[in-house]
Amino acid sequence: MLRASPIIFGILILSGSLMSQTKPGIACGTAASEIVATRLGSAVRLDAGNPSPDWERAAPIVFCADWQGKNPDPQRATTVRALWSPEALYLRYECAYRELNLFPDAGANGRRDHLWDRDVAEAFLQPDPSRERYYKEFEVSPNGLWIDLDISPGPLTDLQSGLTRSVVLDQKTMRWAAELAIPMRALTAHFDPHAVWRVNFFRIEGQHEPRHYYAWQPTHTPKPNFHVPSAFGRMRFAP
């Protein structure tokens with residue numbers, strides 16, 4: 001059985017200071033292929049609706065183009081920030097959306113199989129780039145459901161990372177935000193803050209195919225496919 005992962009979840013109106021304010025018609029995207037995780041002095045309290053000031057110290061990456069790097073849609077823009085401590089990696093997503101397509105059911109701890117069949121934000125993390133076909137996958141939905149997976153050439157397995165998360169959905173402004181805390185021990189046996197990880201971030205939205213598949217670093221596959229480690233960007237850990 002998976003360990004329970006607490007969640008803070010609500011539907012409320014968020015102020016402009018809490019969410020990215022990308023406007024329709026304005027191009028969005030981060031040219032760099034690197035995200036820098038900012039070091040924390042102490043653990044951060046997850047509260048997606050009232051984020052810690054620590055998140056403002058983390059440089060954001062933004063994407064709104066599809067998995068081929070085409071068809072940008074600022075009304076589905078995704079902003080990602082990263083923080084770290086020796087104990088955990090923290091990720092914050094801020095997501096604009098056009099429509100919602102959500103699973104209404106999940107396990108008692110919020111875990112949901114095949115979460116990617118509905119709206120999600122995703123992170124693929126590869127602490128050891130020398131093992132190209134081995135990485136970790138994390139997904140969270142606008143209503144707070146989640147899944148974590150250990151990706152390898154063998155059978156798909158649950159990572160059982162012990163992640164915690166906070167999610168808030170604002171249906172008035174059509175935005176949602178999620179914060180994840182992933183124990184470092186679930187990502188790597190020996191965390192080295194000088195190492196450079198390979199990573200990629202994604203969004204999926206839509207009720208019917210063709211759905212909308214967005215990627216920070218495009219995978220350029222003929223059909224939507226996020227599982228292309230050679231296309232991953234980099235994550236560096238700022239001291």
# chains A, B, ... in the order shown; residues from 1 in each chain; ligands from 1

call {"tool": "closest_atom_pairs", "arguments": {"of": "segment 149-178 of chain A", "to": "segment 131-139 of chain A", "cutoff": "6 Å", "atoms": "only C-alpha atoms", "output": "Markdown table"}}
result
| residue | atom | partner | partner_atom | distance |
| --- | --- | --- | --- | --- |
| A:Leu149 | CA | A:Glu137 | CA | 5.0 |
| A:Asp150 | CA | A:Lys136 | CA | 4.9 |
| A:Ile151 | CA | A:Tyr135 | CA | 5.3 |
| A:Ser152 | CA | A:Tyr134 | CA | 4.6 |

call {"tool": "write_last_selection", "arguments": {"atoms": "C-alpha atoms", "output": "tab-separated table (two decimals), in the first residue's frame"}}
result
chain	number	residue	atom	x	y	z
A	149	LEU	CA	5.99	6.45	-10.80
A	150	ASP	CA	9.41	4.88	-11.11
A	151	ILE	CA	10.22	4.75	-14.82
A	152	SER	CA	12.71	2.15	-16.08

call {"tool": "select_by_dssp", "arguments": {"residues": "segment 37-236 of chain A", "states": "helix (DSSP H, G or I)", "output": "PyMOL selection string"}}
result
chain A and resi 53-57+74-76+115-117+184-186+229-231

call {"tool": "select_by_dssp", "arguments": {"residues": "segment 13-234 of chain A", "states": "strand (DSSP E)", "output": "PDB file with N, CA and C atoms, in the first residue's frame"}}
result
ATOM      1  N   GLU A  34      17.378  25.348 -18.877  1.00  0.00           N
ATOM      2  CA  GLU A  34      17.796  25.050 -17.508  1.00  0.00           C
ATOM      3  C   GLU A  34      16.862  25.717 -16.519  1.00  0.00           C
ATOM      4  N   ILE A  35      16.519  24.998 -15.461  1.00  0.00           N
ATOM      5  CA  ILE A  35      15.803  25.555 -14.329  1.00  0.00           C
ATOM      6  C   ILE A  35      16.724  25.474 -13.124  1.00  0.00           C
ATOM      7  N   VAL A  36      16.753  26.529 -12.342  1.00  0.00           N
ATOM      8  CA  VAL A  36      17.616  26.586 -11.169  1.00  0.00           C
ATOM      9  C   VAL A  36      16.754  26.476  -9.916  1.00  0.00           C
ATOM     10  N   ALA A  37      17.048  25.485  -9.092  1.00  0.00           N
ATOM     11  CA  ALA A  37      16.364  25.320  -7.813  1.00  0.00           C
ATOM     12  C   ALA A  37      17.090  26.150  -6.759  1.00  0.00           C
ATOM     13  N   THR A  38      16.347  26.949  -6.023  1.00  0.00           N
ATOM     14  CA  THR A  38      16.905  27.838  -5.013  1.00  0.00           C
ATOM     15  C   THR A  38      16.931  27.141  -3.660  1.00  0.00           C
ATOM     16  N   ARG A  39      18.037  27.294  -2.941  1.00  0.00           N
ATOM     17  CA  ARG A  39      18.179  26.607  -1.660  1.00  0.00           C
ATOM     18  C   ARG A  39      17.347  27.292  -0.577  1.00  0.00           C
ATOM     19  N   ILE A  61      10.387  29.215 -14.815  1.00  0.00           N
ATOM     20  CA  ILE A  61      10.368  28.881 -16.240  1.00  0.00           C
ATOM     21  C   ILE A  61       8.902  28.858 -16.660  1.00  0.00           C
ATOM     22  N   VAL A  62       8.642  29.235 -17.905  1.00  0.00           N
ATOM     23  CA  VAL A  62       7.274  29.347 -18.406  1.00  0.00           C
ATOM     24  C   VAL A  62       7.190  28.651 -19.750  1.00  0.00           C
ATOM     25  N   PHE A  63       6.102  27.905 -19.964  1.00  0.00           N
ATOM     26  CA  PHE A  63       5.903  27.296 -21.283  1.00  0.00           C
ATOM     27  C   PHE A  63       4.425  27.255 -21.629  1.00  0.00           C
ATOM     28  N   THR A  78       1.963  27.609 -18.364  1.00  0.00           N
ATOM     29  CA  THR A  78       2.383  26.959 -17.122  1.00  0.00           C
ATOM     30  C   THR A  78       3.676  27.605 -16.647  1.00  0.00           C
ATOM     31  N   THR A  79       3.701  28.001 -15.386  1.00  0.00           N
ATOM     32  CA  THR A  79       4.898  28.527 -14.741  1.00  0.00           C
ATOM     33  C   THR A  79       5.356  27.525 -13.693  1.00  0.00           C
ATOM     34  N   VAL A  80       6.651  27.240 -13.665  1.00  0.00           N
ATOM     35  CA  VAL A  80       7.211  26.293 -12.691  1.00  0.00           C
ATOM     36  C   VAL A  80       8.360  26.964 -11.953  1.00  0.00           C
ATOM     37  N   ARG A  81       8.397  26.778 -10.639  1.00  0.00           N
ATOM     38  CA  ARG A  81       9.511  27.217  -9.800  1.00  0.00           C
ATOM     39  C   ARG A  81       9.978  26.030  -8.973  1.00  0.00           C
ATOM     40  N   ALA A  82      11.259  26.058  -8.584  1.00  0.00           N
ATOM     41  CA  ALA A  82      11.829  24.954  -7.805  1.00  0.00           C
ATOM     42  C   ALA A  82      12.634  25.494  -6.631  1.00  0.00           C
ATOM     43  N   LEU A  83      12.482  24.839  -5.490  1.00  0.00           N
ATOM     44  CA  LEU A  83      13.263  25.097  -4.283  1.00  0.00           C
ATOM     45  C   LEU A  83      13.848  23.773  -3.812  1.00  0.00           C
ATOM     46  N   TRP A  84      14.904  23.851  -3.007  1.00  0.00           N
ATOM     47  CA  TRP A  84      15.458  22.596  -2.493  1.00  0.00           C
ATOM     48  C   TRP A  84      16.056  22.783  -1.108  1.00  0.00           C
ATOM     49  N   SER A  85      16.068  21.688  -0.394  1.00  0.00           N
ATOM     50  CA  SER A  85      16.813  21.538   0.845  1.00  0.00           C
ATOM     51  C   SER A  85      17.441  20.158   0.780  1.00  0.00           C
ATOM     52  N   ALA A  88      14.455  17.694   0.770  1.00  0.00           N
ATOM     53  CA  ALA A  88      13.323  17.655  -0.171  1.00  0.00           C
ATOM     54  C   ALA A  88      13.553  18.573  -1.359  1.00  0.00           C
ATOM     55  N   LEU A  89      12.914  18.212  -2.468  1.00  0.00           N
ATOM     56  CA  LEU A  89      12.782  19.072  -3.637  1.00  0.00           C
ATOM     57  C   LEU A  89      11.347  19.591  -3.657  1.00  0.00           C
ATOM     58  N   TYR A  90      11.199  20.894  -3.851  1.00  0.00           N
ATOM     59  CA  TYR A  90       9.884  21.530  -3.874  1.00  0.00           C
ATOM     60  C   TYR A  90       9.610  22.077  -5.271  1.00  0.00           C
ATOM     61  N   LEU A  91       8.411  21.840  -5.769  1.00  0.00           N
ATOM     62  CA  LEU A  91       7.998  22.364  -7.070  1.00  0.00           C
ATOM     63  C   LEU A  91       6.692  23.124  -6.906  1.00  0.00           C
ATOM     64  N   ARG A  92       6.589  24.246  -7.582  1.00  0.00           N
ATOM     65  CA  ARG A  92       5.326  24.988  -7.617  1.00  0.00           C
ATOM     66  C   ARG A  92       4.923  25.206  -9.060  1.00  0.00           C
ATOM     67  N   TYR A  93       3.685  24.827  -9.388  1.00  0.00           N
ATOM     68  CA  TYR A  93       3.087  25.060 -10.698  1.00  0.00           C
ATOM     69  C   TYR A  93       2.035  26.153 -10.569  1.00  0.00           C
ATOM     70  N   GLU A  94       1.996  27.037 -11.547  1.00  0.00           N
ATOM     71  CA  GLU A  94       0.902  27.987 -11.702  1.00  0.00           C
ATOM     72  C   GLU A  94       0.376  27.826 -13.120  1.00  0.00           C
ATOM     73  N   CYS A  95      -0.898  27.453 -13.247  1.00  0.00           N
ATOM     74  CA  CYS A  95      -1.440  26.988 -14.522  1.00  0.00           C
ATOM     75  C   CYS A  95      -2.693  27.761 -14.908  1.00  0.00           C
ATOM     76  N   ALA A  96      -2.670  28.343 -16.094  1.00  0.00           N
ATOM     77  CA  ALA A  96      -3.885  28.894 -16.689  1.00  0.00           C
ATOM     78  C   ALA A  96      -4.576  27.777 -17.475  1.00  0.00           C
ATOM     79  N   VAL A 120      -3.585  17.377 -16.062  1.00  0.00           N
ATOM     80  CA  VAL A 120      -2.499  17.235 -15.090  1.00  0.00           C
ATOM     81  C   VAL A 120      -1.364  18.203 -15.411  1.00  0.00           C
ATOM     82  N   ALA A 121      -0.534  18.443 -14.406  1.00  0.00           N
ATOM     83  CA  ALA A 121       0.804  18.997 -14.580  1.00  0.00           C
ATOM     84  C   ALA A 121       1.777  17.897 -14.189  1.00  0.00           C
ATOM     85  N   GLU A 122       2.883  17.776 -14.920  1.00  0.00           N
ATOM     86  CA  GLU A 122       3.804  16.658 -14.722  1.00  0.00           C
ATOM     87  C   GLU A 122       5.239  17.147 -14.592  1.00  0.00           C
ATOM     88  N   ALA A 123       6.026  16.373 -13.850  1.00  0.00           N
ATOM     89  CA  ALA A 123       7.476  16.569 -13.777  1.00  0.00           C
ATOM     90  C   ALA A 123       8.149  15.226 -13.974  1.00  0.00           C
ATOM     91  N   PHE A 124       9.134  15.186 -14.856  1.00  0.00           N
ATOM     92  CA  PHE A 124       9.989  14.011 -15.023  1.00  0.00           C
ATOM     93  C   PHE A 124      11.376  14.409 -14.507  1.00  0.00           C
ATOM     94  N   LEU A 125      11.883  13.690 -13.524  1.00  0.00           N
ATOM     95  CA  LEU A 125      13.135  14.027 -12.863  1.00  0.00           C
ATOM     96  C   LEU A 125      14.123  12.882 -13.016  1.00  0.00           C
ATOM     97  N   GLN A 126      15.329  13.206 -13.467  1.00  0.00           N
ATOM     98  CA  GLN A 126      16.355  12.193 -13.702  1.00  0.00           C
ATOM     99  C   GLN A 126      17.646  12.620 -12.978  1.00  0.00           C
ATOM    100  N   TYR A 135      14.110   7.286 -14.667  1.00  0.00           N
ATOM    101  CA  TYR A 135      13.750   8.590 -14.131  1.00  0.00           C
ATOM    102  C   TYR A 135      12.466   8.445 -13.310  1.00  0.00           C
ATOM    103  N   LYS A 136      12.067   9.535 -12.647  1.00  0.00           N
ATOM    104  CA  LYS A 136      10.890   9.541 -11.781  1.00  0.00           C
ATOM    105  C   LYS A 136       9.836  10.459 -12.395  1.00  0.00           C
ATOM    106  N   GLU A 137       8.582  10.031 -12.300  1.00  0.00           N
ATOM    107  CA  GLU A 137       7.478  10.809 -12.867  1.00  0.00           C
ATOM    108  C   GLU A 137       6.501  11.193 -11.755  1.00  0.00           C
ATOM    109  N   PHE A 138       6.124  12.472 -11.739  1.00  0.00           N
ATOM    110  CA  PHE A 138       5.181  12.996 -10.748  1.00  0.00           C
ATOM    111  C   PHE A 138       4.086  13.766 -11.469  1.00  0.00           C
ATOM    112  N   GLU A 139       2.846  13.510 -11.084  1.00  0.00           N
ATOM    113  CA  GLU A 139       1.717  14.200 -11.694  1.00  0.00           C
ATOM    114  C   GLU A 139       0.776  14.691 -10.603  1.00  0.00           C
ATOM    115  N   VAL A 140       0.169  15.853 -10.849  1.00  0.00           N
ATOM    116  CA  VAL A 140      -0.837  16.395  -9.940  1.00  0.00           C
ATOM    117  C   VAL A 140      -1.928  17.030 -10.790  1.00  0.00           C
ATOM    118  N   TRP A 146      -3.082  12.762  -7.442  1.00  0.00           N
ATOM    119  CA  TRP A 146      -1.650  12.648  -7.739  1.00  0.00           C
ATOM    120  C   TRP A 146      -1.282  11.220  -8.096  1.00  0.00           C
ATOM    121  N   ILE A 147      -0.103  11.086  -8.689  1.00  0.00           N
ATOM    122  CA  ILE A 147       0.503   9.778  -8.899  1.00  0.00           C
ATOM    123  C   ILE A 147       2.007   9.996  -8.990  1.00  0.00           C
ATOM    124  N   ASP A 148       2.785   9.022  -8.497  1.00  0.00           N
ATOM    125  CA  ASP A 148       4.234   9.054  -8.677  1.00  0.00           C
ATOM    126  C   ASP A 148       4.680   7.686  -9.171  1.00  0.00           C
ATOM    127  N   LEU A 149       5.600   7.681 -10.121  1.00  0.00           N
ATOM    128  CA  LEU A 149       5.993   6.453 -10.802  1.00  0.00           C
ATOM    129  C   LEU A 149       7.506   6.376 -10.945  1.00  0.00           C
ATOM    130  N   ASP A 150       8.003   5.157 -10.876  1.00  0.00           N
ATOM    131  CA  ASP A 150       9.414   4.883 -11.113  1.00  0.00           C
ATOM    132  C   ASP A 150       9.542   4.339 -12.529  1.00  0.00           C
ATOM    133  N   ILE A 151      10.139   5.116 -13.417  1.00  0.00           N
ATOM    134  CA  ILE A 151      10.220   4.752 -14.824  1.00  0.00           C
ATOM    135  C   ILE A 151      11.564   4.068 -15.098  1.00  0.00           C
ATOM    136  N   THR A 157       6.295   0.823 -12.075  1.00  0.00           N
ATOM    137  CA  THR A 157       6.072   0.611 -10.645  1.00  0.00           C
ATOM    138  C   THR A 157       5.762   1.924  -9.955  1.00  0.00           C
ATOM    139  N   ASP A 158       5.022   1.835  -8.850  1.00  0.00           N
ATOM    140  CA  ASP A 158       4.746   3.002  -8.029  1.00  0.00           C
ATOM    141  C   ASP A 158       6.004   3.383  -7.255  1.00  0.00           C
ATOM    142  N   THR A 164       4.171  15.218  -0.461  1.00  0.00           N
ATOM    143  CA  THR A 164       3.032  15.966   0.066  1.00  0.00           C
ATOM    144  C   THR A 164       2.725  17.080  -0.925  1.00  0.00           C
ATOM    145  N   ARG A 165       1.515  17.615  -0.873  1.00  0.00           N
ATOM    146  CA  ARG A 165       1.143  18.621  -1.849  1.00  0.00           C
ATOM    147  C   ARG A 165       0.014  19.497  -1.337  1.00  0.00           C
ATOM    148  N   SER A 166      -0.096  20.651  -1.938  1.00  0.00           N
ATOM    149  CA  SER A 166      -1.177  21.594  -1.705  1.00  0.00           C
ATOM    150  C   SER A 166      -1.645  22.077  -3.064  1.00  0.00           C
ATOM    151  N   VAL A 167      -2.951  22.095  -3.285  1.00  0.00           N
ATOM    152  CA  VAL A 167      -3.510  22.482  -4.584  1.00  0.00           C
ATOM    153  C   VAL A 167      -4.662  23.447  -4.360  1.00  0.00           C
ATOM    154  N   VAL A 168      -4.754  24.462  -5.193  1.00  0.00           N
ATOM    155  CA  VAL A 168      -5.868  25.394  -5.130  1.00  0.00           C
ATOM    156  C   VAL A 168      -6.358  25.668  -6.541  1.00  0.00           C
ATOM    157  N   LEU A 169      -7.665  25.688  -6.699  1.00  0.00           N
ATOM    158  CA  LEU A 169      -8.304  25.900  -7.996  1.00  0.00           C
ATOM    159  C   LEU A 169      -9.188  27.135  -7.919  1.00  0.00           C
ATOM    160  N   ASP A 170      -8.983  28.070  -8.828  1.00  0.00           N
ATOM    161  CA  ASP A 170      -9.776  29.290  -8.911  1.00  0.00           C
ATOM    162  C   ASP A 170     -10.574  29.254 -10.206  1.00  0.00           C
ATOM    163  N   ARG A 175      -7.595  29.546 -13.271  1.00  0.00           N
ATOM    164  CA  ARG A 175      -6.219  29.248 -12.927  1.00  0.00           C
ATOM    165  C   ARG A 175      -6.193  28.254 -11.771  1.00  0.00           C
ATOM    166  N   TRP A 176      -5.130  27.465 -11.738  1.00  0.00           N
ATOM    167  CA  TRP A 176      -4.912  26.600 -10.590  1.00  0.00           C
ATOM    168  C   TRP A 176      -3.434  26.563 -10.272  1.00  0.00           C
ATOM    169  N   ALA A 177      -3.130  26.225  -9.025  1.00  0.00           N
ATOM    170  CA  ALA A 177      -1.739  26.170  -8.587  1.00  0.00           C
ATOM    171  C   ALA A 177      -1.545  24.926  -7.733  1.00  0.00           C
ATOM    172  N   ALA A 178      -0.335  24.398  -7.783  1.00  0.00           N
ATOM    173  CA  ALA A 178       0.003  23.218  -6.986  1.00  0.00           C
ATOM    174  C   ALA A 178       1.419  23.357  -6.465  1.00  0.00           C
ATOM    175  N   GLU A 179       1.623  22.938  -5.228  1.00  0.00           N
ATOM    176  CA  GLU A 179       2.953  22.863  -4.650  1.00  0.00           C
ATOM    177  C   GLU A 179       3.219  21.429  -4.214  1.00  0.00           C
ATOM    178  N   LEU A 180       4.386  20.915  -4.569  1.00  0.00           N
ATOM    179  CA  LEU A 180       4.785  19.555  -4.219  1.00  0.00           C
ATOM    180  C   LEU A 180       6.048  19.596  -3.387  1.00  0.00           C
ATOM    181  N   ALA A 181       6.126  18.736  -2.389  1.00  0.00           N
ATOM    182  CA  ALA A 181       7.357  18.491  -1.643  1.00  0.00           C
ATOM    183  C   ALA A 181       7.686  17.014  -1.804  1.00  0.00           C
ATOM    184  N   ILE A 182       8.814  16.731  -2.449  1.00  0.00           N
ATOM    185  CA  ILE A 182       9.214  15.357  -2.746  1.00  0.00           C
ATOM    186  C   ILE A 182      10.449  15.027  -1.912  1.00  0.00           C
ATOM    187  N   PRO A 183      10.370  14.044  -1.025  1.00  0.00           N
ATOM    188  CA  PRO A 183      11.554  13.695  -0.228  1.00  0.00           C
ATOM    189  C   PRO A 183      12.749  13.365  -1.119  1.00  0.00           C
ATOM    190  N   TRP A 197      20.906  17.632 -12.754  1.00  0.00           N
ATOM    191  CA  TRP A 197      19.904  16.636 -13.111  1.00  0.00           C
ATOM    192  C   TRP A 197      19.346  16.953 -14.497  1.00  0.00           C
ATOM    193  N   ARG A 198      18.733  15.943 -15.117  1.00  0.00           N
ATOM    194  CA  ARG A 198      17.932  16.135 -16.323  1.00  0.00           C
ATOM    195  C   ARG A 198      16.461  16.150 -15.908  1.00  0.00           C
ATOM    196  N   VAL A 199      15.680  17.079 -16.474  1.00  0.00           N
ATOM    197  CA  VAL A 199      14.281  17.229 -16.075  1.00  0.00           C
ATOM    198  C   VAL A 199      13.454  17.702 -17.261  1.00  0.00           C
ATOM    199  N   ASN A 200      12.156  17.487 -17.170  1.00  0.00           N
ATOM    200  CA  ASN A 200      11.226  18.118 -18.094  1.00  0.00           C
ATOM    201  C   ASN A 200       9.891  18.297 -17.379  1.00  0.00           C
ATOM    202  N   PHE A 201       9.123  19.262 -17.866  1.00  0.00           N
ATOM    203  CA  PHE A 201       7.823  19.587 -17.274  1.00  0.00           C
ATOM    204  C   PHE A 201       6.771  19.621 -18.371  1.00  0.00           C
ATOM    205  N   PHE A 202       5.557  19.201 -18.019  1.00  0.00           N
ATOM    206  CA  PHE A 202       4.505  19.034 -19.014  1.00  0.00           C
ATOM    207  C   PHE A 202       3.144  19.438 -18.448  1.00  0.00           C
ATOM    208  N   ARG A 203       2.198  19.688 -19.357  1.00  0.00           N
ATOM    209  CA  ARG A 203       0.790  19.869 -19.026  1.00  0.00           C
ATOM    210  C   ARG A 203      -0.042  19.089 -20.038  1.00  0.00           C
ATOM    211  N   ILE A 204      -1.155  18.555 -19.555  1.00  0.00           N
ATOM    212  CA  ILE A 204      -2.157  17.948 -20.428  1.00  0.00           C
ATOM    213  C   ILE A 204      -3.510  18.544 -20.056  1.00  0.00           C
ATOM    214  N   GLU A 205      -4.290  18.897 -21.068  1.00  0.00           N
ATOM    215  CA  GLU A 205      -5.623  19.436 -20.836  1.00  0.00           C
ATOM    216  C   GLU A 205      -6.532  19.015 -21.982  1.00  0.00           C
ATOM    217  N   HIS A 212      -4.652  18.515 -25.538  1.00  0.00           N
ATOM    218  CA  HIS A 212      -3.611  19.533 -25.603  1.00  0.00           C
ATOM    219  C   HIS A 212      -2.440  19.088 -24.732  1.00  0.00           C
ATOM    220  N   TYR A 213      -1.293  18.882 -25.366  1.00  0.00           N
ATOM    221  CA  TYR A 213      -0.098  18.350 -24.715  1.00  0.00           C
ATOM    222  C   TYR A 213       1.005  19.406 -24.802  1.00  0.00           C
ATOM    223  N   TYR A 214       1.380  19.970 -23.668  1.00  0.00           N
ATOM    224  CA  TYR A 214       2.353  21.052 -23.635  1.00  0.00           C
ATOM    225  C   TYR A 214       3.626  20.601 -22.936  1.00  0.00           C
ATOM    226  N   ALA A 215       4.775  21.098 -23.415  1.00  0.00           N
ATOM    227  CA  ALA A 215       6.066  20.675 -22.876  1.00  0.00           C
ATOM    228  C   ALA A 215       6.988  21.876 -22.720  1.00  0.00           C
ATOM    229  N   GLY A 233      15.530  18.949 -20.285  1.00  0.00           N
ATOM    230  CA  GLY A 233      16.392  20.059 -19.933  1.00  0.00           C
ATOM    231  C   GLY A 233      17.210  19.726 -18.695  1.00  0.00           C
ATOM    232  N   ARG A 234      17.761  20.751 -18.065  1.00  0.00           N
ATOM    233  CA  ARG A 234      18.640  20.553 -16.921  1.00  0.00           C
ATOM    234  C   ARG A 234      18.062  21.236 -15.676  1.00  0.00           C
TER     235      ARG A 234
END

call {"tool": "closest_atom_pairs", "arguments": {"of": "segment 121-217 of chain A", "to": "segment 100-111 of chain A", "cutoff": "8 Å", "atoms": "only C-alpha atoms", "output": "Markdown table"}}
result
| residue | atom | partner | partner_atom | distance |
| --- | --- | --- | --- | --- |
| A:Ser141 | CA | A:Leu102 | CA | 7.4 |
| A:Pro142 | CA | A:Leu102 | CA | 7.5 |
| A:Asn143 | CA | A:Leu102 | CA | 7.2 |
| A:Gly144 | CA | A:Gly110 | CA | 7.1 |
| A:Leu145 | CA | A:Gly110 | CA | 4.9 |
| A:Trp146 | CA | A:Arg111 | CA | 4.9 |
| A:Ile147 | CA | A:Arg111 | CA | 5.4 |
| A:Glu205 | CA | A:Asn101 | CA | 7.1 |
| A:Gly206 | CA | A:Asn101 | CA | 6.2 |
| A:Gln207 | CA | A:Asn101 | CA | 5.7 |

call {"tool": "write_last_selection", "arguments": {"atoms": "N, CA and C atoms", "output": "short mmCIF file (atom, residue, chain, number, x, y, z; two decimals), in the first residue's frame"}}
result
data_model
loop_
_atom_site.label_atom_id
_atom_site.label_comp_id
_atom_site.auth_asym_id
_atom_site.auth_seq_id
_atom_site.Cartn_x
_atom_site.Cartn_y
_atom_site.Cartn_z
N SER A 141 -3.16 16.91 -10.33
CA SER A 141 -4.31 17.41 -11.09
C SER A 141 -4.85 18.68 -10.44
N PRO A 142 -5.71 19.43 -11.15
CA PRO A 142 -6.26 20.66 -10.58
C PRO A 142 -7.13 20.44 -9.35
N ASN A 143 -7.63 19.23 -9.14
CA ASN A 143 -8.41 18.94 -7.93
C ASN A 143 -7.61 18.12 -6.92
N GLY A 144 -6.28 18.14 -7.05
CA GLY A 144 -5.42 17.62 -6.01
C GLY A 144 -5.10 16.15 -6.04
N LEU A 145 -5.52 15.42 -7.08
CA LEU A 145 -5.15 14.01 -7.18
C LEU A 145 -3.69 13.92 -7.65
N TRP A 146 -3.08 12.76 -7.44
CA TRP A 146 -1.65 12.65 -7.74
C TRP A 146 -1.28 11.22 -8.10
N ILE A 147 -0.10 11.09 -8.69
CA ILE A 147 0.50 9.78 -8.90
C ILE A 147 2.01 10.00 -8.99
N GLU A 205 -4.29 18.90 -21.07
CA GLU A 205 -5.62 19.44 -20.84
C GLU A 205 -6.53 19.02 -21.98
N GLY A 206 -7.81 18.85 -21.69
CA GLY A 206 -8.78 18.56 -22.75
C GLY A 206 -9.55 17.28 -22.50
N GLN A 207 -10.77 17.25 -23.00
CA GLN A 207 -11.66 16.12 -22.78
C GLN A 207 -11.59 15.08 -23.88
#

call {"tool": "closest_residue", "arguments": {"among": "A:Ala58, A:Ala32, A:Met235, A:Val44", "to": "His194 of chain A", "atoms": "only C-alpha atoms"}}
result
A:Met235

call {"tool": "atom_distance", "arguments": {"atom1": "atom CA of Pro74 of chain A", "atom2": "atom CA of Ser230 of chain A"}}
result
26.1 Å

call {"tool": "closest_residue", "arguments": {"among": "A:Ala48, A:Ala43, A:Leu163, A:Ala59", "to": "Ala238 of chain A", "atoms": "only C-alpha atoms"}}
result
A:Ala59

call {"tool": "closest_residue", "arguments": {"among": "A:Asn71, A:Met174, A:His227, A:Pro210", "to": "Glu99 of chain A", "atoms": "only C-alpha atoms"}}
result
A:Met174

call {"tool": "closest_residue", "arguments": {"among": "A:Asp192, A:Asp54, A:Glu209, A:Asp73", "to": "Arg118 of chain A", "atoms": "only C-alpha atoms"}}
result
A:Glu209

call {"tool": "atom_distance", "arguments": {"atom1": "atom CA of Arg185 of chain A", "atom2": "atom CA of Gly154 of chain A"}}
result
21.2 Å

call {"tool": "atom_distance", "arguments": {"atom1": "atom CA of Asp117 of chain A", "atom2": "atom CA of Pro224 of chain A"}}
result
12.9 Å

call {"tool": "closest_residue", "arguments": {"among": "A:Ala77, A:Ser33, A:Asp119, A:Asn225", "to": "His208 of chain A", "atoms": "only C-alpha atoms"}}
result
A:Asp119

call {"tool": "decode", "arguments": {"residues": "segment 83-111 of chain A", "atoms": "C-alpha atoms", "output": "mmCIF file, in the first residue's frame"}}
result
data_model
loop_
_atom_site.group_PDB
_atom_site.id
_atom_site.type_symbol
_atom_site.label_atom_id
_atom_site.label_comp_id
_atom_site.auth_asym_id
_atom_site.auth_seq_id
_atom_site.Cartn_x
_atom_site.Cartn_y
_atom_site.Cartn_z
ATOM 1 C CA LEU A 83 13.263 25.097 -4.283
ATOM 2 C CA TRP A 84 15.458 22.596 -2.493
ATOM 3 C CA SER A 85 16.813 21.538 0.845
ATOM 4 C CA PRO A 86 18.945 18.472 1.625
ATOM 5 C CA GLU A 87 15.704 16.778 2.669
ATOM 6 C CA ALA A 88 13.323 17.655 -0.171
ATOM 7 C CA LEU A 89 12.782 19.072 -3.637
ATOM 8 C CA TYR A 90 9.884 21.530 -3.874
ATOM 9 C CA LEU A 91 7.998 22.364 -7.070
ATOM 10 C CA ARG A 92 5.326 24.988 -7.617
ATOM 11 C CA TYR A 93 3.087 25.060 -10.698
ATOM 12 C CA GLU A 94 0.902 27.987 -11.702
ATOM 13 C CA CYS A 95 -1.440 26.988 -14.522
ATOM 14 C CA ALA A 96 -3.885 28.894 -16.689
ATOM 15 C CA TYR A 97 -6.602 26.736 -18.234
ATOM 16 C CA ARG A 98 -9.465 26.902 -20.712
ATOM 17 C CA GLU A 99 -11.509 23.915 -19.512
ATOM 18 C CA LEU A 100 -11.429 21.273 -16.793
ATOM 19 C CA ASN A 101 -11.450 17.525 -17.232
ATOM 20 C CA LEU A 102 -11.005 15.820 -13.859
ATOM 21 C CA PHE A 103 -11.356 12.430 -12.238
ATOM 22 C CA PRO A 104 -13.958 12.679 -9.448
ATOM 23 C CA ASP A 105 -12.582 9.662 -7.589
ATOM 24 C CA ALA A 106 -9.254 8.526 -6.148
ATOM 25 C CA GLY A 107 -7.759 6.411 -3.392
ATOM 26 C CA ALA A 108 -8.160 7.531 0.189
ATOM 27 C CA ASN A 109 -4.798 9.301 -0.004
ATOM 28 C CA GLY A 110 -5.588 11.030 -3.310
ATOM 29 C CA ARG A 111 -3.619 8.697 -5.553
#
